[in-house]
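Student: Below is one structure. I have some questions about it.
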Amino acid sequence: MQVSLGRTGRSMLCALSSVALTTALPQAAAAAAVGEASRIPFTERYRAVQHGGLVRTANTSVTCESTAGAKVPCADAKAGAKGSNGDYRMTYIDVDKDPNTYNSSRAELKLPENSTVSYARLYWGGNLRVGEQKPVKDNGRVLFAEPGGQYKEVLADTTIGHLSGNGFDAYSASADVTDIVKDANPGAFTVAQINIAKGHSAAGTWGGWTLVVAYTDQTAPLRELAVWDGFESVSAERRSYALTLDGLRIPAKGSGSLGVVAYDGDRGSGRNALSVRADRAPAVALHDDANPADDAMNSTIADAGRPVSGRQPSYRNTLGYDSDVYDLRPVLGNGAEELTVGFGTEEEGYHVGALFLQADASR
């Protein structure tokens with residue numbers, strides 16, 4: 001299946017509350033403003049051609065608590081060994097020492113000095129069904145804190161992807177957080193209260209968040225910057241999915257990167273693939289030191305094969321959450337007016353929530 005995306009995608013306004021955690025709105029009201037759908041075709045959320053770039057920061061919100069019949073000990077999995085979330089009893093990460101939150105994780109946002117934020121979007125999601133069933137009504141609400149700041153309630157501002165089947169109950173949501181990020185000091189952002197179940201089941205649990213930020217910087221190259229999002233799954237029922245990002249002006253021998261946010265990819269399965277085709281050229285399988293060509297969705301948070309620093313905690317195996325940035329130079333030798341991104345699986349599959357592109361632009 002292929003979806004062609006134009007250049008006219010429009011960002012949505014963010015529904016934010018400036019109240020602190022102790023005075024946040026009731027959880028039952030959080031998700032009432034938007035609907036849910038089991039499948040959301042990818043559409044363009046943000047597009048700009050400017051001197052600047054895209055950065056992202058991310059972290060997982062759950063991890064293993066104990067081994068539930070797994071061959072690999074929980075501690076080894078956290079350190080990067082092969083292991084999937086269904087092998088363990090899973091529990092929440094909670095780094096903020098705030099008794100009012102039951103999960104929280106933190107990650108540093110690294111912007112160039114003297115750059116200006118032009119757009120920021122927060123993505124979050126997880127599995128609602130494991131040893132417990134979490135209420136759907138809380139999918140559209142998280143707490144978000146800038147470096148040194150108090151929590152603000154963030155509400156999803158667009159349709160939430162939500163799909164149940166084969167023992168899981170998965171969702172993905174997002175919101176525009178430009179105003180918060182633009183005024184923030186440098187440092188680490190914290191995201192709390194993501195709606196995720198804990199416990200153990202064959203399907204396992206997963207969940208996390210990614211903050212994608214576009215910025216201007218007059219010392220940087222002229223670049224194509226774009227963010228797409230939706231909620232699409234590849235599985236035993238649908239082994240592949242492809243979408244085309246068009247309207248590009250990437251010159252020959254240009255540099256670029258592609259970011260992917262995905263849920264429930266298991267490390268070591270060896271049967272998940274990600275490819276990109278520039279115009280009518282053959283598709284190129286994306287891979288690097290962190291993401292093998294046959295195991296693209298393998299529970300990593302990495303940039304061009306390197307684990308992302310500045311995360312608390314900084315587990316190498318996130319046990320079901322992927323937020324990876326791939327180097328696109330192997331794809332862009334002849335430039336591109338469009339890029340076709342292909343996802344495939346030969347196992348139980350995974351869910352895709354967001355894509356973000358940075359690439360050199362023709363003048």
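Chains: A, B, ... in order of the structure tokens. Residues: from 1 per chain. Ligands: from 1, in order shown.
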Please provide as an mmCIF file with N, CA and C atoms, in the first residue's frame all residues within 9 Å of Ala70 of chain A, with the sequence filter that same-chain residues fewer than 4 positions apart are discarded (counting only C-alpha atoms).
Tutor:
```cif
data_model
loop_
_atom_site.group_PDB
_atom_site.id
_atom_site.type_symbol
_atom_site.label_atom_id
_atom_site.label_comp_id
_atom_site.auth_asym_id
_atom_site.auth_seq_id
_atom_site.Cartn_x
_atom_site.Cartn_y
_atom_site.Cartn_z
ATOM 1 N N CYS A 74 17.109 -10.007 33.506
ATOM 2 C CA CYS A 74 16.596 -8.654 33.305
ATOM 3 C C CYS A 74 17.722 -7.636 33.228
ATOM 4 N N GLY A 83 16.365 -9.751 24.190
ATOM 5 C CA GLY A 83 15.274 -10.056 25.099
ATOM 6 C C GLY A 83 14.070 -9.242 24.704
ATOM 7 N N SER A 84 12.881 -9.812 24.844
ATOM 8 C CA SER A 84 11.650 -9.105 24.477
ATOM 9 C C SER A 84 10.792 -8.890 25.708
ATOM 10 N N GLY A 86 7.802 -9.607 26.434
ATOM 11 C CA GLY A 86 6.985 -10.725 26.864
ATOM 12 C C GLY A 86 7.724 -11.748 27.709
ATOM 13 N N ASP A 87 9.060 -11.605 27.783
ATOM 14 C CA ASP A 87 9.866 -12.523 28.578
ATOM 15 C C ASP A 87 9.939 -12.127 30.052
ATOM 16 N N TYR A 88 9.474 -10.928 30.383
ATOM 17 C CA TYR A 88 9.730 -10.380 31.715
ATOM 18 C C TYR A 88 8.452 -9.865 32.367
#
```
Student: Quick one: residues within 6 Å of segment 252-266 of chain A, only C-alpha atoms counted, chain neighbours fewer than 2 positions away excluded, as a PyMOL selection string?
Tutor: chain A and resi 84+297-299+320-329+332-335+350-360
Student: Given only C-alpha atoms as the basis, pick out the residue of A:Cys64, A:Gly230, A:Ser174, A:Gly126 nearest to Asp76 of chain A.
Tutor: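 Counting only C-alpha atoms, the residue closest to Asp76 of chain A is A:Cys64.
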Student: Just checking: using only C-alpha atoms, which residue out of A:Ala336, A:Val49, A:Leu245, A:Ala77 ends up closest to Gly268 of chain A?
Tutor: A:Ala77
Student: Give me the residues near Ala79 of chain A as a list in words, where near means some atom within 8 Å (using only C-alpha atoms) and where sequence neighbours in that chain fewer than 5 positions away do not count.
Tutor: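 Skipping anything fewer than 5 positions along the chain leaves Tyr315, Arg316 and Asn317 of chain A.
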Student: Would you please work out which residue, of A:Ser269, A:Thr318, A:Asn166, A:Thr340, is nearest to Asp295 of chain A when using only C-alpha atoms?
Tutor: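 When distances to Asp295 of chain A are compared using only C-alpha atoms, the smallest one comes from A:Ser269.
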Student: Within 7 Å of Leu54 of chain A, counting only C-alpha atoms, which residues qualify if same-chain residues fewer than 6 places away don't, as a list in words?
Tutor: Val213, Ala214, Tyr215, Leu225 and Gln358 of chain A
Student: Atoms to include: N, CA and C atoms. Write the selected residues as a compact mmCIF listing (two decimals), in the first residue's frame.
Tutor:
```
# COMPACT_ATOMS: atom_id res chain seq x y z
N VAL A 213 11.83 18.30 17.48
CA VAL A 213 11.93 19.77 17.49
C VAL A 213 12.61 20.25 16.21
N ALA A 214 11.96 21.16 15.50
CA ALA A 214 12.57 21.86 14.36
C ALA A 214 13.10 23.20 14.84
N TYR A 215 14.25 23.60 14.31
CA TYR A 215 14.86 24.86 14.75
C TYR A 215 15.45 25.61 13.55
N LEU A 225 12.90 20.17 6.15
CA LEU A 225 12.52 19.65 7.45
C LEU A 225 11.07 19.24 7.39
N GLN A 358 15.17 15.20 7.92
CA GLN A 358 16.05 16.36 7.73
C GLN A 358 16.96 16.04 6.56
```
Student: Write out as a list in words which residues come within 12 Å of Asp217 of chain A when counting only C-alpha atoms, dropping same-chain ones fewer than 2 positions away.
Tutor: Val49, Gln50, His51, Gly52, Gly53, Leu54, Leu111, Pro112, Glu113, Asn114, Ser115, Thr116, Val117, Ser118, Ala214, Tyr215, Thr219, Ala220, Pro221, Leu222 and Arg223 of chain A
Student: With DSSP run on the backbone, what are the helix (DSSP H, G or I) residues within segment 65-310 of chain A? I'd like them as a list in words.
Tutor: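 For segment 65-310 of chain A, the helix (DSSP H, G or I) set is Cys74, Ala75, Asp76, Ala77, Lys78, Asn85, Gly86, Asp87, Val136, Lys137, Asp138, Thr178, Asp179, Ile180, Val181 and Lys182 of chain A.
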Student: With only C-alpha atoms as the atoms that count, which of A:Gly125, A:Gly35, A:Pro282, A:Gly310 lies nearest to Phe189 of chain A?
Tutor: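 Smallest distance to Phe189 of chain A is found for A:Gly310.
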Student: Would you list the contacts of Ala293 of chain A as a PyMOL selection string, taking every protein, DNA or RNA residue within 8 Å and counting only C-alpha atoms, but skipping same-chain residues closer than 4 positions in sequence?
Tutor: chain A and resi 273-274+285-288
Student: Store the residues picked out above in a file with N, CA and C atoms, as a short mmCIF file (atom, residue, chain, number, x, y, z; two decimals), in the first residue's frame.
Tutor:
```
data_model
loop_
_atom_site.label_atom_id
_atom_site.label_comp_id
_atom_site.auth_asym_id
_atom_site.auth_seq_id
_atom_site.Cartn_x
_atom_site.Cartn_y
_atom_site.Cartn_z
N ALA A 273 11.97 -5.15 8.97
CA ALA A 273 12.77 -4.45 7.97
C ALA A 273 12.27 -3.03 7.76
N LEU A 274 13.21 -2.14 7.41
CA LEU A 274 12.91 -0.75 7.08
C LEU A 274 13.73 -0.40 5.85
N ALA A 285 17.89 -0.94 2.13
CA ALA A 285 17.58 -1.33 3.51
C ALA A 285 18.38 -0.46 4.46
N LEU A 286 17.70 0.24 5.36
CA LEU A 286 18.40 1.08 6.34
C LEU A 286 18.94 0.21 7.46
N HIS A 287 20.18 0.45 7.83
CA HIS A 287 20.78 -0.29 8.94
C HIS A 287 22.00 0.48 9.44
N ASP A 288 22.39 0.18 10.66
CA ASP A 288 23.58 0.78 11.27
C ASP A 288 24.01 -0.11 12.43
#
```
Student: Based on the backbone DSSP call, show me all residues of segment 117-276 of chain A assigned strand (DSSP E), as a PyMOL selection string.
Tutor: chain A and resi 117-127+141-145+152-155+160-165+168-176+187-192+207-216+222-235+240-245+256-263+272-276
Student: Check the smallest atom-to-atom distance from each of A:Glu348, A:Glu337, A:Glu153, A:Glu232 to Gln193 of chain A using only C-alpha atoms, then report the winner.
Tutor: A:Glu153
Student: Please produce, as a Markdown table, a per-residue contact table for segment 197-305 of chain A versus segment 100-108 of chain A (criterion: any atom at most 10 Å away, only C-alpha atoms considered), showing the nearest atom pair and its distance in Å to one decimal, sorted by chain then residue number.
Tutor:
```
| residue | atom | partner | partner_atom | distance |
| --- | --- | --- | --- | --- |
| A:Gly208 | CA | A:Ser105 | CA | 8.6 |
| A:Trp209 | CA | A:Ser105 | CA | 8.9 |
| A:Thr210 | CA | A:Ala107 | CA | 9.4 |
| A:Leu211 | CA | A:Ala107 | CA | 9.4 |
```
Student: Since we have the selection now, will you write its residues out, keeping N, CA and C atoms, as an mmCIF file, in the first residue's frame?
Tutor:
```cif
data_model
loop_
_atom_site.group_PDB
_atom_site.id
_atom_site.type_symbol
_atom_site.label_atom_id
_atom_site.label_comp_id
_atom_site.auth_asym_id
_atom_site.auth_seq_id
_atom_site.Cartn_x
_atom_site.Cartn_y
_atom_site.Cartn_z
ATOM 1 N N GLY A 208 6.620 4.648 25.713
ATOM 2 C CA GLY A 208 7.632 5.682 25.800
ATOM 3 C C GLY A 208 7.197 6.943 25.104
ATOM 4 N N TRP A 209 8.143 7.853 24.932
ATOM 5 C CA TRP A 209 7.835 9.167 24.361
ATOM 6 C C TRP A 209 9.004 9.676 23.526
ATOM 7 N N THR A 210 8.671 10.527 22.552
ATOM 8 C CA THR A 210 9.662 11.181 21.692
ATOM 9 C C THR A 210 9.265 12.628 21.494
ATOM 10 N N LEU A 211 10.212 13.526 21.683
ATOM 11 C CA LEU A 211 10.021 14.952 21.440
ATOM 12 C C LEU A 211 10.806 15.323 20.189
#
```
Student: Show which residues sit within 12 Å of Ser164 of chain A, as a ChimeraX atom specification. Count only C-alpha atoms, and ignore same-chain residues fewer than 2 positions away.
Tutor: /A:37-39,126-130,133,136,161-162,166-171,203,233,351
Student: Put those residues in a file: N, CA and C atoms, as a PDB file, in the first residue's frame.
Tutor:
```pdb
ATOM      1  N   ALA A  37      -8.930   5.983  16.500  1.00  0.00           N
ATOM      2  CA  ALA A  37      -9.125   5.162  15.310  1.00  0.00           C
ATOM      3  C   ALA A  37      -8.100   4.048  15.323  1.00  0.00           C
ATOM      4  N   SER A  38      -8.477   2.882  14.819  1.00  0.00           N
ATOM      5  CA  SER A  38      -7.572   1.741  14.829  1.00  0.00           C
ATOM      6  C   SER A  38      -6.473   1.859  13.785  1.00  0.00           C
ATOM      7  N   ARG A  39      -6.682   2.736  12.822  1.00  0.00           N
ATOM      8  CA  ARG A  39      -5.664   2.982  11.807  1.00  0.00           C
ATOM      9  C   ARG A  39      -5.744   4.436  11.379  1.00  0.00           C
ATOM     10  N   GLY A 126       1.756   3.444  24.217  1.00  0.00           N
ATOM     11  CA  GLY A 126       2.098   2.239  24.951  1.00  0.00           C
ATOM     12  C   GLY A 126       1.052   1.160  24.797  1.00  0.00           C
ATOM     13  N   ASN A 127       1.167   0.155  25.638  1.00  0.00           N
ATOM     14  CA  ASN A 127       0.247  -0.970  25.664  1.00  0.00           C
ATOM     15  C   ASN A 127      -0.586  -0.901  26.935  1.00  0.00           C
ATOM     16  N   LEU A 128      -1.908  -1.002  26.799  1.00  0.00           N
ATOM     17  CA  LEU A 128      -2.822  -0.858  27.919  1.00  0.00           C
ATOM     18  C   LEU A 128      -3.173  -2.173  28.597  1.00  0.00           C
ATOM     19  N   ARG A 129      -2.786  -3.306  28.012  1.00  0.00           N
ATOM     20  CA  ARG A 129      -3.224  -4.600  28.530  1.00  0.00           C
ATOM     21  C   ARG A 129      -2.036  -5.532  28.740  1.00  0.00           C
ATOM     22  N   VAL A 130      -1.787  -5.861  30.007  1.00  0.00           N
ATOM     23  CA  VAL A 130      -0.756  -6.857  30.332  1.00  0.00           C
ATOM     24  C   VAL A 130      -1.287  -7.663  31.511  1.00  0.00           C
ATOM     25  N   GLN A 133      -5.452  -4.053  32.962  1.00  0.00           N
ATOM     26  CA  GLN A 133      -6.024  -3.329  31.827  1.00  0.00           C
ATOM     27  C   GLN A 133      -6.175  -1.876  32.228  1.00  0.00           C
ATOM     28  N   VAL A 136      -8.913   3.357  28.741  1.00  0.00           N
ATOM     29  CA  VAL A 136      -8.669   4.042  27.475  1.00  0.00           C
ATOM     30  C   VAL A 136      -8.781   5.558  27.632  1.00  0.00           C
ATOM     31  N   GLY A 161      -4.340   6.988  17.720  1.00  0.00           N
ATOM     32  CA  GLY A 161      -4.341   5.643  17.174  1.00  0.00           C
ATOM     33  C   GLY A 161      -4.530   4.633  18.289  1.00  0.00           C
ATOM     34  N   HIS A 162      -5.451   3.684  18.116  1.00  0.00           N
ATOM     35  CA  HIS A 162      -5.739   2.726  19.186  1.00  0.00           C
ATOM     36  C   HIS A 162      -6.207   1.419  18.551  1.00  0.00           C
ATOM     37  N   ASN A 166      -4.538  -9.852  19.592  1.00  0.00           N
ATOM     38  CA  ASN A 166      -3.441 -10.766  19.908  1.00  0.00           C
ATOM     39  C   ASN A 166      -2.810 -10.476  21.269  1.00  0.00           C
ATOM     40  N   GLY A 167      -3.632 -10.117  22.242  1.00  0.00           N
ATOM     41  CA  GLY A 167      -3.144  -9.916  23.596  1.00  0.00           C
ATOM     42  C   GLY A 167      -2.662  -8.528  23.920  1.00  0.00           C
ATOM     43  N   PHE A 168      -2.637  -7.612  22.935  1.00  0.00           N
ATOM     44  CA  PHE A 168      -2.188  -6.254  23.197  1.00  0.00           C
ATOM     45  C   PHE A 168      -3.338  -5.269  23.071  1.00  0.00           C
ATOM     46  N   ASP A 169      -3.111  -4.073  23.550  1.00  0.00           N
ATOM     47  CA  ASP A 169      -4.072  -2.972  23.442  1.00  0.00           C
ATOM     48  C   ASP A 169      -3.247  -1.705  23.276  1.00  0.00           C
ATOM     49  N   ALA A 170      -2.840  -1.417  22.027  1.00  0.00           N
ATOM     50  CA  ALA A 170      -1.818  -0.410  21.733  1.00  0.00           C
ATOM     51  C   ALA A 170      -2.434   0.923  21.340  1.00  0.00           C
ATOM     52  N   TYR A 171      -1.726   1.996  21.683  1.00  0.00           N
ATOM     53  CA  TYR A 171      -2.168   3.324  21.254  1.00  0.00           C
ATOM     54  C   TYR A 171      -0.970   4.234  21.044  1.00  0.00           C
ATOM     55  N   ALA A 203       2.203 -11.181  25.353  1.00  0.00           N
ATOM     56  CA  ALA A 203       2.361 -10.020  24.467  1.00  0.00           C
ATOM     57  C   ALA A 203       3.347  -9.023  25.036  1.00  0.00           C
ATOM     58  N   SER A 233       0.108  -0.327  11.385  1.00  0.00           N
ATOM     59  CA  SER A 233       0.688  -1.550  11.915  1.00  0.00           C
ATOM     60  C   SER A 233       1.075  -2.482  10.786  1.00  0.00           C
ATOM     61  N   HIS A 351       4.000  -1.364  15.519  1.00  0.00           N
ATOM     62  CA  HIS A 351       3.164  -0.222  15.174  1.00  0.00           C
ATOM     63  C   HIS A 351       4.058   0.993  14.948  1.00  0.00           C
TER      64      HIS A 351
END
```
Student: Considering only C-alpha atoms, state which residue in the set A:Ala296, A:Ala175, A:Ile196, A:Ala156 is at the smallest distance from Glu132 of chain A.
Tutor: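 Of all the options, A:Ile196 lies closest to Glu132 of chain A.
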Student: Between atom CA of Arg141 of chain A and atom CA of Asp183 of chain A, what distance in Å does the model show, to one decimal?
Tutor: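 Atom-to-atom, atom CA of Arg141 of chain A to atom CA of Asp183 of chain A, that is 21.4 Å.
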